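In what follows, a single structure is set out as structure tokens and then discussed.
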Amino acid sequence: MPKSARIETALHFDPLAARLFLETNRKLENAVHLYEAVGFTPVPEEKLQASPYARSDLAMELFLV
């Protein structure tokens, strides 16, 4: 599935969404590269909240509007 189709699928669930948010681990270099390739950017440290995921050390977001 092309990357744009994946984002379209996510928007199908909430067409009013202003952004997509994800948490991952920096060790997953291929995944991080894929997220950056479709436009995700790291969330600044000052905007982060505590994560329930112990292995997560990177939060990324993609603004849709």
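If you're wondering about the labels, chains in the structure tokens are A, B, ... by order shown, residues count from 1 in each chain, ligands from 1 in order shown.
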Segment 39-45 of chain A: which residues within 9 Å, counting only C-alpha atoms, same-chain residues fewer than 3 positions away excluded, as a list in words? Leu20, Phe21, Leu22, Val32, Leu34, Tyr35, Glu36, Leu48, Gln49, Leu58, Ala59, Met60, Glu61, Leu62 and Phe63 of chain A
Save out the residues we just selected, C-alpha atoms, as a PDB file, in the first residue's frame.
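Full text of again20.pdb as output:
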```
ATOM      1  CA  LEU A  20      -1.398  12.009  13.417  1.00  0.00           C
ATOM      2  CA  PHE A  21       0.751  11.129  16.444  1.00  0.00           C
ATOM      3  CA  LEU A  22       2.940   8.105  17.066  1.00  0.00           C
ATOM      4  CA  VAL A  32      11.833   6.161  11.843  1.00  0.00           C
ATOM      5  CA  LEU A  34       9.733   5.632   6.882  1.00  0.00           C
ATOM      6  CA  TYR A  35       7.863   8.004   9.205  1.00  0.00           C
ATOM      7  CA  GLU A  36      10.147  10.884   8.208  1.00  0.00           C
ATOM      8  CA  LEU A  48       5.756  15.732  25.427  1.00  0.00           C
ATOM      9  CA  GLN A  49       3.662  14.090  28.099  1.00  0.00           C
ATOM     10  CA  LEU A  58      10.666   9.129  20.303  1.00  0.00           C
ATOM     11  CA  ALA A  59       7.328  10.807  19.625  1.00  0.00           C
ATOM     12  CA  MET A  60       6.491  12.045  16.130  1.00  0.00           C
ATOM     13  CA  GLU A  61       3.607  13.950  14.580  1.00  0.00           C
ATOM     14  CA  LEU A  62       2.257  14.743  11.147  1.00  0.00           C
ATOM     15  CA  PHE A  63       0.070  17.830  10.796  1.00  0.00           C
TER      16      PHE A  63
END
```
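The gap separating atom CA of Asp57 of chain A from atom CA of Arg26 of chain A is 6.5 Å, in Å to one decimal.
Distances from A:Ser51, A:Ala5, A:Ala17, A:Leu28 to Leu64 of chain A were compared using only C-alpha atoms, and the smallest one belongs to A:Ala17.
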